[in-house]
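J.: After the structure tokens below, expect a handful of questions from me.
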Amino acid sequence: MARQKPKNVFLIRDVEGVNQALAELGEIKRRIDGIETEMNEKIDQAKMEAGALCAPLQARREALESGVLAFAEYNRELFQKKKSLELDFGSIGYRKSTSIKTLAKTTWAMVLGRIKELKFTEAIRTKEDVNREVLHTWPDERLVLVGAKRVEEDTFWIELKEESLLAGADAPRVQGLAQGGA
């Protein structure tokens, strides 16, 4: 049998110990929330600073790209024999590209309707998946027919009373249960 690392389990001996654990869980949650809030504020600040630093560079980049495009359009004859022009610091050029667009006064929804009508199904993207919400409404016999079953289990949950914990935040902080707990 393979060795297993023991899980970090804290022994609680009575209901008061559970209550203290819930108080400590609330404090830990508040502290984690505070740390994450501070982290998000720093990230937002960094994004704003980076955006402010990048804005003039982006504007200059767009202006230069527009200038190079205007030059290429005005001097189209440079690209008659070769589709690209090699320069010291890069290349510019034209390449053929194709795209599919709708005819005038036609929408993509109309195109989809015609594809269905003509049964050209290879041009339709579909993503199939099991709708588990519907399966919850089915009787057990029908679930078995399709190879599924309903399983009921008790799942443990913890719900902290945020308002009580916040009111108790002014009280002395709970010493960790690990330091002498119940």
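Identifiers for the structure tokens are assigned positionally: chains receive A, B, ... in sequence, residues are indexed from 1 per chain, and ligands are indexed from 1 in the order shown.
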Which residues are near Glu73 of chain A? Cut-off 12 Å, only C-alpha atoms, ignore same chain within fewer than 5 positions. Put them as a list of chain:residue names.

T.: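 Close residues of Glu73 of chain A: A:Ser66, A:Gly67, A:Val68, A:Leu78, A:Phe79, A:Gln80, A:Ile92, A:Gly93, A:Tyr94.
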
J.: Dump C-alpha atoms for the selected residues as a tab-separated table (two decimals), in the first residue's frame?

T.:
```
chain	number	residue	atom	x	y	z
A	66	SER	CA	-1.24	54.69	-40.44
A	67	GLY	CA	1.64	56.61	-42.01
A	68	VAL	CA	3.25	53.42	-43.34
A	78	LEU	CA	6.34	49.43	-55.50
A	79	PHE	CA	4.34	46.24	-54.95
A	80	GLN	CA	3.55	45.39	-58.59
A	92	ILE	CA	5.88	45.84	-45.55
A	93	GLY	CA	3.66	44.39	-48.20
A	94	TYR	CA	0.33	43.06	-49.35
```

J.: Among segment 1-180 of chain A, which ones does DSSP place in strand (DSSP E), written as a PyMOL selection string?

T.: chain A and resi 84-87+90-93

J.: Kindly give the distance, in Å, that separates atom CA of Leu22 of chain A and atom CA of Leu165 of chain A, rounded to a single decimal.

T.: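 Atom CA of Leu165 of chain A lies at a distance of 9.1 Å from atom CA of Leu22 of chain A.
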